[in-house]
Every structure is written in C-alpha cells, then in structure tokens.
file query_11.txt (compact mmCIF, C-alpha atoms)
# COMPACT_ATOMS: atom_id res chain seq x y z
CA MET H 1 75.78 -210.90 66.33
CA ALA H 2 73.34 -213.12 68.24
CA TYR H 3 70.71 -211.39 70.37
CA ALA H 4 72.15 -212.76 73.64
CA ASP H 5 75.62 -211.44 72.74
CA GLU H 6 74.13 -208.06 71.87
CA LEU H 7 72.41 -207.92 75.24
CA LEU H 8 75.64 -208.73 77.05
CA GLU H 9 77.47 -206.00 75.16
CA LEU H 10 74.62 -203.59 75.86
CA ALA H 11 74.82 -204.37 79.59
CA GLN H 12 78.51 -203.40 79.57
CA ASP H 13 77.76 -200.21 77.65
CA ILE H 14 74.94 -199.20 80.00
CA ALA H 15 77.04 -199.86 83.10
CA ASN H 16 79.75 -197.56 81.76
CA LEU H 17 77.44 -194.76 80.63
CA HIS H 18 78.48 -192.47 83.48
CA PRO H 19 81.79 -193.89 84.76
CA ARG H 20 82.67 -190.90 86.97
CA GLN H 21 79.31 -190.69 88.70
CA PRO H 22 77.27 -193.77 87.80
CA HIS H 23 73.51 -193.33 87.80
CA GLN H 24 71.47 -195.86 89.75
CA SER H 25 69.13 -196.20 86.79
CA SER H 26 71.91 -197.25 84.41
CA LEU H 27 73.50 -199.61 86.95
CA ARG H 28 70.13 -201.28 87.55
CA ARG H 29 69.41 -201.60 83.84
CA ALA H 30 72.88 -203.07 83.30
CA VAL H 31 72.33 -205.80 85.93
CA SER H 32 68.92 -206.61 84.50
CA THR H 33 70.13 -206.63 80.89
CA ALA H 34 73.06 -208.90 81.72
CA TYR H 35 70.68 -211.42 83.31
CA TYR H 36 68.48 -211.34 80.21
CA ALA H 37 71.55 -211.98 78.07
CA LEU H 38 72.10 -215.33 79.81
CA PHE H 39 68.35 -216.05 79.90
CA HIS H 40 68.10 -215.62 76.13
CA LEU H 41 71.36 -217.46 75.45
CA LEU H 42 70.06 -220.60 77.15
CA ILE H 43 66.64 -220.38 75.53
CA SER H 44 68.13 -219.82 72.08
CA GLU H 45 70.38 -222.85 72.56
CA ALA H 46 67.42 -224.97 73.65
CA ILE H 47 65.15 -224.01 70.77
CA ALA H 48 67.93 -224.40 68.19
CA ASN H 49 67.40 -228.14 68.62
CA TRP H 50 63.89 -227.86 67.22
CA GLY H 51 63.91 -228.97 63.59
CA ARG H 52 61.35 -226.47 62.31
CA PRO H 53 62.84 -222.94 62.53
CA GLU H 54 59.46 -221.25 62.01
CA LEU H 55 58.20 -222.72 65.30
CA ARG H 56 61.21 -221.85 67.44
CA GLY H 57 59.75 -218.49 68.51
CA ALA H 58 56.63 -220.19 69.84
CA LEU H 59 58.74 -222.78 71.63
CA ALA H 60 60.85 -220.04 73.22
CA ARG H 61 57.79 -218.56 74.90
CA ILE H 62 57.28 -221.77 76.89
CA PHE H 63 60.43 -221.07 78.93
CA ASP H 64 59.90 -219.09 82.10
CA HIS H 65 62.09 -217.59 84.82
CA GLY H 66 60.76 -219.74 87.68
CA PRO H 67 61.30 -223.19 86.17
CA MET H 68 64.68 -222.09 84.80
CA LYS H 69 65.73 -221.00 88.29
CA GLN H 70 64.54 -224.31 89.75
CA ALA H 71 66.54 -226.19 87.13
CA ALA H 72 69.62 -224.10 87.93
CA ASP H 73 69.29 -224.65 91.71
CA LYS H 74 68.84 -228.38 91.19
CA LYS H 75 71.88 -228.63 88.92
CA VAL H 76 74.04 -226.63 91.33
CA SER H 77 72.99 -228.93 94.18
CA GLU H 78 73.69 -232.08 92.13
CA LEU H 79 77.10 -230.83 91.08
CA ASN H 80 77.99 -229.77 94.61
CA SER H 81 77.43 -233.40 95.64
CA TYR H 82 79.53 -234.54 92.68
CA PHE H 83 82.45 -232.25 93.56
CA LYS H 84 82.24 -233.28 97.21
CA GLU H 85 83.32 -236.77 96.12
CA LYS H 86 86.52 -235.23 94.70
CA PRO H 87 86.24 -236.67 91.17
CA PRO H 88 89.50 -237.25 89.27
CA GLU H 89 90.72 -234.69 86.78
CA GLY H 90 89.44 -235.27 83.28
CA SER H 91 86.89 -234.22 80.73
CA GLU H 92 83.91 -235.23 82.89
CA ARG H 93 85.03 -232.95 85.70
CA THR H 94 85.80 -230.14 83.26
CA VAL H 95 82.32 -230.34 81.76
CA ALA H 96 80.80 -230.47 85.25
CA TYR H 97 82.81 -227.39 86.25
CA HIS H 98 81.54 -225.35 83.30
CA LEU H 99 77.95 -226.56 83.70
CA TYR H 100 78.12 -225.61 87.38
CA ASN H 101 79.36 -222.17 86.35
CA VAL H 102 76.44 -221.67 83.96
CA ALA H 103 73.76 -222.88 86.40
CA ASP H 104 75.21 -221.06 89.40
CA VAL H 105 75.65 -217.78 87.55
CA PHE H 106 72.10 -218.04 86.22
CA ALA H 107 70.65 -218.54 89.72
CA GLN H 108 72.71 -215.67 91.15
CA ALA H 109 71.96 -213.37 88.23
CA GLN H 110 68.22 -213.91 88.47
CA TYR H 111 68.24 -212.93 92.14
CA HIS H 112 70.26 -209.78 91.44
CA ARG H 113 68.09 -208.92 88.44
CA ASN H 114 64.98 -208.96 90.62
CA ASP H 115 66.78 -206.79 93.15
CA ALA H 116 67.88 -204.40 90.41
CA ASP H 117 64.40 -204.11 88.98
CA TYR H 118 62.27 -204.09 92.13
CA ASN H 119 64.30 -203.42 95.30
CA MET H 120 64.61 -199.64 95.42
CA ALA H 121 66.22 -199.79 98.86
CA ARG H 122 69.35 -201.38 97.43
CA GLN H 123 72.14 -199.08 96.34
CA TRP H 124 74.38 -200.27 93.48
CA GLU H 125 78.04 -199.49 92.90
CA LEU H 126 79.89 -199.63 89.59
CA MET H 127 82.46 -202.29 90.45
CA GLU H 128 79.89 -204.72 91.86
CA VAL H 129 77.80 -204.29 88.71
CA LEU H 130 80.81 -204.84 86.46
CA LEU H 131 81.57 -208.00 88.44
CA HIS H 132 78.05 -209.29 87.85
CA ILE H 133 78.45 -208.65 84.13
CA ASP H 134 81.90 -210.30 84.13
CA SER H 135 80.44 -213.41 85.74
CA ILE H 136 77.76 -213.62 83.06
CA ALA H 137 80.34 -213.17 80.31
CA ASP H 138 82.27 -216.00 81.97
CA ALA H 139 79.13 -218.17 81.95
CA PHE H 140 78.85 -217.47 78.20
CA ARG H 141 82.42 -218.77 77.77
CA SER H 142 81.64 -221.85 79.86
CA TRP H 143 78.54 -222.54 77.81
CA ASN H 144 80.43 -222.28 74.54
CA ILE H 145 82.89 -224.91 75.78
CA ILE H 146 80.23 -227.46 76.76
CA ARG H 147 77.27 -226.66 74.52
CA GLU H 148 77.50 -229.93 72.57
CA GLU H 149 77.98 -232.12 75.63
CA PRO H 150 75.10 -234.49 76.51
CA SER H 151 74.89 -233.14 80.07
CA ALA H 152 74.64 -229.57 78.78
CA GLN H 153 71.90 -230.53 76.34
CA ALA H 154 70.05 -232.37 79.12
CA TYR H 155 70.31 -229.25 81.25
CA LEU H 156 68.54 -227.26 78.53
CA VAL H 157 65.66 -229.74 78.56
CA SER H 158 65.51 -229.58 82.36
CA MET H 159 64.70 -225.85 82.09
CA LEU H 160 61.33 -226.60 80.51
CA PRO H 161 58.37 -226.20 82.84
CA SER H 162 56.80 -229.48 83.88
CA LYS H 163 54.25 -230.57 86.43
CA GLU H 164 56.90 -232.45 88.37
CA ARG H 165 59.30 -229.52 88.43
CA ARG H 166 56.60 -227.18 89.69
CA GLN H 167 56.58 -229.20 92.88
CA ASN H 168 59.29 -228.44 95.36
CA GLU H 169 62.35 -230.38 94.28
CA ARG H 170 64.80 -228.93 96.77
CA PRO H 171 66.58 -231.56 98.82
CA SER H 172 65.77 -231.46 102.51
CA PRO H 173 68.74 -230.85 104.79
CA ASP H 174 70.28 -233.93 106.38
CA LYS H 175 70.54 -232.61 109.90
CA ARG H 176 68.42 -229.55 110.37
CA PRO H 177 68.35 -228.63 114.05
CA THR H 178 64.98 -228.33 115.79
CA LEU H 179 64.04 -226.91 119.18
CA LYS H 180 63.32 -230.44 120.42
CA ASP H 181 66.68 -231.67 119.22
CA ASN H 182 68.98 -232.30 122.21
CA SER H 183 72.01 -231.35 120.14
CA ALA H 184 70.56 -227.94 119.30
CA PRO H 185 72.30 -225.04 121.06
CA MET O 186 91.40 -213.77 110.39
CA LEU O 187 90.17 -213.62 106.79
CA PRO O 188 92.66 -214.23 103.98
CA ALA O 189 93.57 -211.16 101.92
CA PRO O 190 91.98 -209.47 100.07
CA ILE O 191 88.74 -210.36 101.93
CA VAL O 192 88.00 -207.58 104.39
CA ARG O 193 84.58 -208.62 105.67
CA VAL O 194 81.97 -211.32 105.16
CA ILE O 195 78.50 -210.18 106.16
CA PRO O 196 75.92 -212.98 106.16
CA SER O 197 72.21 -212.36 106.57
CA LEU O 198 69.19 -214.62 106.45
CA GLY O 199 65.98 -213.94 104.58
CA THR O 200 63.96 -215.11 101.61
CA ASP O 201 64.74 -214.75 97.95
CA TRP O 202 62.38 -213.43 95.28
CA ASN O 203 60.71 -216.83 94.97
CA GLY O 204 59.98 -216.96 98.71
CA GLU O 205 62.69 -219.57 99.33
CA SER O 206 64.76 -219.39 102.51
CA ALA O 207 68.12 -217.89 101.64
CA VAL O 208 71.42 -216.73 103.07
CA PHE O 209 72.95 -213.62 101.56
CA PHE O 210 76.70 -213.19 101.77
CA GLN O 211 77.91 -209.63 101.30
CA ILE O 212 81.65 -209.90 100.81
CA VAL O 213 83.87 -206.86 101.02
CA LEU O 214 87.18 -206.94 99.17
CA ALA O 215 90.19 -204.70 99.70
CA ASP O 216 90.50 -201.69 97.44
CA GLY O 217 93.22 -202.02 94.86
CA THR O 218 92.67 -205.69 94.11
CA PRO O 219 93.56 -205.88 90.40
CA ARG O 220 90.44 -205.85 88.24
CA GLY O 221 91.70 -208.82 86.23
CA GLN O 222 91.87 -210.98 89.36
CA LEU O 223 88.46 -210.13 90.76
CA LEU O 224 86.30 -212.60 88.85
CA ASN O 225 88.43 -215.65 89.69
CA LEU O 226 88.73 -214.47 93.25
CA THR O 227 84.97 -214.12 93.71
CA LYS O 228 84.44 -217.60 92.24
CA GLN O 229 86.99 -219.10 94.61
CA ILE O 230 85.46 -217.37 97.63
CA SER O 231 81.87 -218.34 96.86
CA GLN O 232 82.84 -221.94 96.07
CA ALA O 233 84.85 -222.23 99.29
CA ILE O 234 81.89 -220.97 101.33
CA VAL O 235 79.44 -223.29 99.55
CA GLN O 236 81.71 -226.31 100.07
CA GLN O 237 82.47 -225.61 103.72
CA VAL O 238 79.15 -224.23 104.97
CA GLN O 239 76.90 -226.25 102.61
CA PRO O 240 74.03 -223.79 103.01
CA LEU O 241 71.50 -225.80 101.01
CA GLU O 242 72.46 -229.33 101.96
CA GLU O 243 72.97 -228.72 105.70
CA TRP O 244 70.75 -225.73 106.43
CA GLY O 245 68.13 -225.72 103.69
CA VAL O 246 68.87 -222.18 102.53
CA LEU O 247 69.89 -221.05 99.06
CA PRO O 248 73.14 -219.07 99.07
CA TYR O 249 73.49 -215.74 97.23
CA PHE O 250 76.67 -213.74 96.92
CA ASN O 251 77.48 -210.12 96.30
CA PHE O 252 80.93 -208.56 96.19
CA ARG O 253 81.90 -204.96 96.77
CA THR O 254 85.16 -203.15 97.29
CA GLN O 255 85.91 -201.56 100.64
CA SER O 256 85.32 -198.04 99.35
CA GLU O 257 82.05 -199.05 97.68
CA GLN O 258 80.83 -200.61 100.92
CA ALA O 259 81.87 -197.50 102.86
CA ARG O 260 79.87 -195.27 100.49
CA ILE O 261 76.79 -197.44 100.93
CA GLU O 262 77.13 -197.42 104.73
CA GLU O 263 77.47 -193.61 104.84
CA PRO O 264 74.42 -191.96 106.40
CA THR O 265 72.40 -189.99 103.89
CA TRP O 266 71.19 -186.52 104.87
CA ALA O 267 68.27 -186.06 102.52

call {"tool": "encode", "arguments": {"input": "query_11.txt", "output": "structure tokens"}}
result
Amino acid sequence: MAYADELLELAQDIANLHPRQPHQSSLRRAVSTAYYALFHLLISEAIANWGRPELRGALARIFDHGPMKQAADKKVSELNSYFKEKPPEGSERTVAYHLYNVADVFAQAQYHRNDADYNMARQWELMEVLLHIDSIADAFRSWNIIREEPSAQAYLVSMLPSKERRQNERPSPDKRPTLKDNSAP
Amino acid sequence: MLPAPIVRVIPSLGTDWNGESAVFFQIVLADGTPRGQLLNLTKQISQAIVQQVQPLEEWGVLPYFNFRTQSEQARIEEPTWA
C-alpha cells in the first residue's frame, strides 16, 4: 500500500480509537494525519514524473505547505470563474470538477490541520472529524480519476515553490467597499 | 428559512494560519442526517455558498467550512465548569 493510502487509513483508525468517548488527542491527530495523507499523495504523484527514482526523495523535499496552499487557492479561484460561465457537460467539466475537489479539499484540510495541531481552544467532535477524513478520501478518488489529465499534471507543477508564486497572487476583489465609497452602507 | 437539514450557518471573519483574511462558516446540520449523505451534502452547501457569496472574488476573503451535527454543536456550546 502506498504511504499516502496508509496515512489515510491510519487517520480513520485514530479517529475511531475511542468511539464512545473520543479523546481530543486522537481526534486532533486524525485530522492532522488525514491532511498529511493528501499532502503526500500530491507530492508522490509529482515526483513520480522524475525519471531518476533515486533522486525523487530529494525532489520531494522541495515541496512545502505554503506554496502548495497558494497553488490550491489559485486553482480554486480559477475554477470558480470557469464554473460561473456554466460550461457544457462533458469531459472538460468533469476533469475541472475533480480538480476543484482536490484543490479545495487540500486548502480546507491544511487550515483544519493547523487548527488541530496548534489551536488548543478548539474542541473537536467525532462526526466533524470523520467528515474531514471522508472529504480527503473523496479527494483521493477525484485524483485517481484525473491523474493523467494535462490539467492535473500542470497542477502538480504549480505546487512547486517559485519566486513568482511567493508574491501575492490572490485576485483583488472587483468591488470592495471603502469608507469613501458612496455606495457603502 | 434554511433548507433542511441545515439548522444554522454561523459566519465569522478573521485570518487564517497564513495571515490571509478569511471567512469561517460553521454549519450545523440536523441530527439523524444519514451518514452516507453527509459528504455530498456538505459539498453542495459549501459550493452553493461560494457561488452565491463569492467570498474571495467579491470580498477578498478566503472561505473555510466546518460542519457539525446539532448535538455536537450543543456539546461545544455547553458551559464548562472546570
């Protein structure tokens, strides 16, 4: 079994360690482990393209949480614009749907993983944790459907850190109200 | 009125772990919603909110979602007597 799949299975096992009275420690570890499952899935898919297997481990270490989150946010934003145009049914839309699912789940999972690991004020409940894990398992399924598609492969490359991506790439809002704006409430 | 099984939508503004402006949607679902339906339901709800509110495109905030059942939310809102 691949490491990412093992992590996903482990997340489910940890979440269900104490089903009658779940421990916060196991719920937190489950959320964190599920995120790492998707993190390692995407990295392993990216480095599998490298022709020299002995160098794939070194290549994997280049990937980092921040640039991967930026790539996910950017892809979600791009695909939101695409879906807003109501594209016709077909393979392009299907691929876009699954890629959106992967990128969106990654962005959400990274936020919740940080909360699970560092925000001690947050209380976790079993069902919400199982839902997080379910969404990551669903992202795995989406990835397996589109992994050979050019847009999916391009997404993997977009996760690499680059000087350009370190700069803020978020689109600015079209009509952000200001205090001087007459239309502001 | 919210469509069943959505009981409450609690939005709050803040920043995420990267310091980006964010909106956090805590969505409370009715107890007894079949487990097998929950994942699709949560995807539909979050996509509907993103498409209608457009948090990033219109307001410049990244949206984050969390879903709990009514009884889970009630437990979390209970006062703790340490």

call {"tool": "residues_near_point", "arguments": {"input": "query_11.txt", "point": "(81.8, -209.3, 99.0)", "cutoff": "9 Å", "atoms": "all atoms listed in the file", "output": "PyMOL selection string"}}
result
(chain H and resi 128) or (chain O and resi 191-195+210-214+227+230+250-255+258)

call {"tool": "write_last_selection", "arguments": {"input": "query_11.txt", "atoms": "C-alpha atoms", "output": "mmCIF file, in the coordinates of the input"}}
result
data_model
loop_
_atom_site.group_PDB
_atom_site.id
_atom_site.type_symbol
_atom_site.label_atom_id
_atom_site.label_comp_id
_atom_site.auth_asym_id
_atom_site.auth_seq_id
_atom_site.Cartn_x
_atom_site.Cartn_y
_atom_site.Cartn_z
ATOM 1 C CA GLU H 128 79.890 -204.720 91.860
ATOM 2 C CA ILE O 191 88.740 -210.360 101.930
ATOM 3 C CA VAL O 192 88.000 -207.580 104.390
ATOM 4 C CA ARG O 193 84.580 -208.620 105.670
ATOM 5 C CA VAL O 194 81.970 -211.320 105.160
ATOM 6 C CA ILE O 195 78.500 -210.180 106.160
ATOM 7 C CA PHE O 210 76.700 -213.190 101.770
ATOM 8 C CA GLN O 211 77.910 -209.630 101.300
ATOM 9 C CA ILE O 212 81.650 -209.900 100.810
ATOM 10 C CA VAL O 213 83.870 -206.860 101.020
ATOM 11 C CA LEU O 214 87.180 -206.940 99.170
ATOM 12 C CA THR O 227 84.970 -214.120 93.710
ATOM 13 C CA ILE O 230 85.460 -217.370 97.630
ATOM 14 C CA PHE O 250 76.670 -213.740 96.920
ATOM 15 C CA ASN O 251 77.480 -210.120 96.300
ATOM 16 C CA PHE O 252 80.930 -208.560 96.190
ATOM 17 C CA ARG O 253 81.900 -204.960 96.770
ATOM 18 C CA THR O 254 85.160 -203.150 97.290
ATOM 19 C CA GLN O 255 85.910 -201.560 100.640
ATOM 20 C CA GLN O 258 80.830 -200.610 100.920
#

call {"tool": "residues_around", "arguments": {"input": "query_11.txt", "residues": "range 101-118 of chain H", "least_positions_apart": "4", "cutoff": "7 Å", "atoms": "all atoms listed in the file", "output": "list of chain:residue names"}}
result
H:Arg28, H:Val31, H:Ser32, H:Tyr35, H:Leu38, H:Lys69, H:Ala72, H:Asp73, H:Lys75, H:Val76, H:Tyr97, H:Ser135, H:Ile136, H:Ala139, H:Ser142, H:Trp143, O:Trp202, O:Tyr249

call {"tool": "closest_residue", "arguments": {"input": "query_11.txt", "among": "H:Glu149, H:Glu54, H:Glu78, H:Glu89", "to": "chain O", "atoms": "all atoms listed in the file"}}
result
H:Glu78

call {"tool": "closest_atom_pairs", "arguments": {"input": "query_11.txt", "of": "chain O", "to": "chain H", "cutoff": "10 Å", "atoms": "only C-alpha atoms", "output": "Markdown table"}}
result
| residue | atom | partner | partner_atom | distance |
| --- | --- | --- | --- | --- |
| O:Asp201 | CA | H:Tyr111 | CA | 7.0 |
| O:Trp202 | CA | H:Tyr111 | CA | 6.7 |
| O:Asn203 | CA | H:Gly66 | CA | 7.8 |
| O:Glu205 | CA | H:Arg170 | CA | 9.9 |
| O:Arg220 | CA | H:Met127 | CA | 9.0 |
| O:Leu223 | CA | H:Leu131 | CA | 7.6 |
| O:Leu224 | CA | H:Leu131 | CA | 6.6 |
| O:Asn225 | CA | H:Ser135 | CA | 9.2 |
| O:Thr227 | CA | H:Leu131 | CA | 8.8 |
| O:Lys228 | CA | H:Ser135 | CA | 8.7 |
| O:Gln232 | CA | H:Asn80 | CA | 9.3 |
| O:Val235 | CA | H:Asn80 | CA | 8.3 |
| O:Gln236 | CA | H:Asn80 | CA | 7.5 |
| O:Gln239 | CA | H:Asn80 | CA | 8.8 |
| O:Pro240 | CA | H:Pro173 | CA | 9.0 |
| O:Leu241 | CA | H:Pro173 | CA | 6.9 |
| O:Glu242 | CA | H:Pro173 | CA | 4.9 |
| O:Glu243 | CA | H:Pro173 | CA | 4.8 |
| O:Trp244 | CA | H:Pro173 | CA | 5.7 |
| O:Gly245 | CA | H:Pro173 | CA | 5.3 |
| O:Val246 | CA | H:Pro173 | CA | 9.0 |
| O:Leu247 | CA | H:Asp73 | CA | 8.2 |
| O:Pro248 | CA | H:Gln108 | CA | 8.6 |
| O:Tyr249 | CA | H:Gln108 | CA | 6.1 |
| O:Phe250 | CA | H:Gln108 | CA | 7.3 |
| O:Asn251 | CA | H:Glu128 | CA | 7.4 |
| O:Phe252 | CA | H:Glu128 | CA | 5.9 |
| O:Arg253 | CA | H:Glu128 | CA | 5.3 |
| O:Thr254 | CA | H:Met127 | CA | 7.4 |
| O:Ser256 | CA | H:Glu125 | CA | 9.8 |
| O:Glu257 | CA | H:Glu125 | CA | 6.3 |
| O:Gln258 | CA | H:Glu125 | CA | 8.6 |
| O:Arg260 | CA | H:Glu125 | CA | 8.9 |
| O:Ile261 | CA | H:Gln123 | CA | 6.7 |
| O:Glu262 | CA | H:Gln123 | CA | 9.9 |

call {"tool": "residues_around", "arguments": {"input": "query_11.txt", "residues": "Ala15 in chain H", "least_positions_apart": "2", "cutoff": "8 Å", "atoms": "all atoms listed in the file", "output": "ChimeraX atom specification"}}
result
/H:11-13,17-19,22,26-27,29-30,126,129-130

call {"tool": "atom_distance", "arguments": {"input": "query_11.txt", "atom1": "CA of Leu187 in chain O", "atom2": "CA of Gln229 in chain O"}}
result
13.7 Å

call {"tool": "closest_residue", "arguments": {"input": "query_11.txt", "among": "O:Ser197, O:Pro190, O:Ala215, O:Ser206", "to": "Ala259 in chain O", "atoms": "all atoms listed in the file"}}
result
O:Ala215

call {"tool": "build_atoms", "arguments": {"input": "query_11.txt", "residues": "range 235-257 of chain O", "atoms": "N, CA and C atoms", "output": "PDB file, keeping the file's coordinate frame"}}
result
ATOM      1  N   VAL O 235      80.469-222.276  99.851  1.00  0.00           N
ATOM      2  CA  VAL O 235      79.440-223.290  99.550  1.00  0.00           C
ATOM      3  C   VAL O 235      79.935-224.672  99.987  1.00  0.00           C
ATOM      4  N   GLN O 236      81.206-224.977  99.721  1.00  0.00           N
ATOM      5  CA  GLN O 236      81.710-226.310 100.070  1.00  0.00           C
ATOM      6  C   GLN O 236      81.861-226.500 101.574  1.00  0.00           C
ATOM      7  N   GLN O 237      82.245-225.444 102.279  1.00  0.00           N
ATOM      8  CA  GLN O 237      82.470-225.610 103.720  1.00  0.00           C
ATOM      9  C   GLN O 237      81.199-225.449 104.536  1.00  0.00           C
ATOM     10  N   VAL O 238      80.364-224.484 104.181  1.00  0.00           N
ATOM     11  CA  VAL O 238      79.150-224.230 104.970  1.00  0.00           C
ATOM     12  C   VAL O 238      77.995-225.119 104.494  1.00  0.00           C
ATOM     13  N   GLN O 239      77.984-225.470 103.223  1.00  0.00           N
ATOM     14  CA  GLN O 239      76.900-226.250 102.610  1.00  0.00           C
ATOM     15  C   GLN O 239      75.528-225.692 102.984  1.00  0.00           C
ATOM     16  N   PRO O 240      75.269-224.456 102.574  1.00  0.00           N
ATOM     17  CA  PRO O 240      74.030-223.790 103.010  1.00  0.00           C
ATOM     18  C   PRO O 240      72.763-224.567 102.633  1.00  0.00           C
ATOM     19  N   LEU O 241      72.721-225.113 101.433  1.00  0.00           N
ATOM     20  CA  LEU O 241      71.500-225.800 101.010  1.00  0.00           C
ATOM     21  C   LEU O 241      71.408-227.196 101.624  1.00  0.00           C
ATOM     22  N   GLU O 242      72.501-227.946 101.540  1.00  0.00           N
ATOM     23  CA  GLU O 242      72.460-229.330 101.960  1.00  0.00           C
ATOM     24  C   GLU O 242      72.306-229.463 103.489  1.00  0.00           C
ATOM     25  N   GLU O 243      72.994-228.598 104.241  1.00  0.00           N
ATOM     26  CA  GLU O 243      72.970-228.720 105.700  1.00  0.00           C
ATOM     27  C   GLU O 243      71.917-227.838 106.360  1.00  0.00           C
ATOM     28  N   TRP O 244      71.605-226.704 105.746  1.00  0.00           N
ATOM     29  CA  TRP O 244      70.750-225.730 106.430  1.00  0.00           C
ATOM     30  C   TRP O 244      69.471-225.416 105.668  1.00  0.00           C
ATOM     31  N   GLY O 245      69.360-225.922 104.461  1.00  0.00           N
ATOM     32  CA  GLY O 245      68.130-225.720 103.690  1.00  0.00           C
ATOM     33  C   GLY O 245      67.917-224.308 103.211  1.00  0.00           C
ATOM     34  N   VAL O 246      69.003-223.557 103.032  1.00  0.00           N
ATOM     35  CA  VAL O 246      68.870-222.180 102.530  1.00  0.00           C
ATOM     36  C   VAL O 246      69.706-222.029 101.249  1.00  0.00           C
ATOM     37  N   LEU O 247      69.160-221.302 100.304  1.00  0.00           N
ATOM     38  CA  LEU O 247      69.890-221.050  99.060  1.00  0.00           C
ATOM     39  C   LEU O 247      70.902-219.935  99.283  1.00  0.00           C
ATOM     40  N   PRO O 248      72.149-220.126  98.865  1.00  0.00           N
ATOM     41  CA  PRO O 248      73.140-219.070  99.070  1.00  0.00           C
ATOM     42  C   PRO O 248      73.190-218.066  97.904  1.00  0.00           C
ATOM     43  N   TYR O 249      73.304-216.791  98.248  1.00  0.00           N
ATOM     44  CA  TYR O 249      73.490-215.740  97.230  1.00  0.00           C
ATOM     45  C   TYR O 249      74.697-214.904  97.648  1.00  0.00           C
ATOM     46  N   PHE O 250      75.432-214.468  96.648  1.00  0.00           N
ATOM     47  CA  PHE O 250      76.670-213.740  96.920  1.00  0.00           C
ATOM     48  C   PHE O 250      76.676-212.381  96.229  1.00  0.00           C
ATOM     49  N   ASN O 251      77.251-211.419  96.933  1.00  0.00           N
ATOM     50  CA  ASN O 251      77.480-210.120  96.300  1.00  0.00           C
ATOM     51  C   ASN O 251      78.831-209.596  96.776  1.00  0.00           C
ATOM     52  N   PHE O 252      79.574-209.018  95.872  1.00  0.00           N
ATOM     53  CA  PHE O 252      80.930-208.560  96.190  1.00  0.00           C
ATOM     54  C   PHE O 252      81.035-207.061  95.948  1.00  0.00           C
ATOM     55  N   ARG O 253      81.628-206.385  96.927  1.00  0.00           N
ATOM     56  CA  ARG O 253      81.900-204.960  96.770  1.00  0.00           C
ATOM     57  C   ARG O 253      83.323-204.678  97.247  1.00  0.00           C
ATOM     58  N   THR O 254      83.861-203.579  96.755  1.00  0.00           N
ATOM     59  CA  THR O 254      85.160-203.150  97.290  1.00  0.00           C
ATOM     60  C   THR O 254      84.906-202.396  98.589  1.00  0.00           C
ATOM     61  N   GLN O 255      85.997-202.228  99.339  1.00  0.00           N
ATOM     62  CA  GLN O 255      85.910-201.560 100.640  1.00  0.00           C
ATOM     63  C   GLN O 255      85.339-200.143 100.509  1.00  0.00           C
ATOM     64  N   SER O 256      85.804-199.422  99.490  1.00  0.00           N
ATOM     65  CA  SER O 256      85.320-198.040  99.350  1.00  0.00           C
ATOM     66  C   SER O 256      83.868-198.008  98.891  1.00  0.00           C
ATOM     67  N   GLU O 257      83.465-198.977  98.082  1.00  0.00           N
ATOM     68  CA  GLU O 257      82.050-199.050  97.680  1.00  0.00           C
ATOM     69  C   GLU O 257      81.172-199.321  98.907  1.00  0.00           C
TER      70      GLU O 257
END
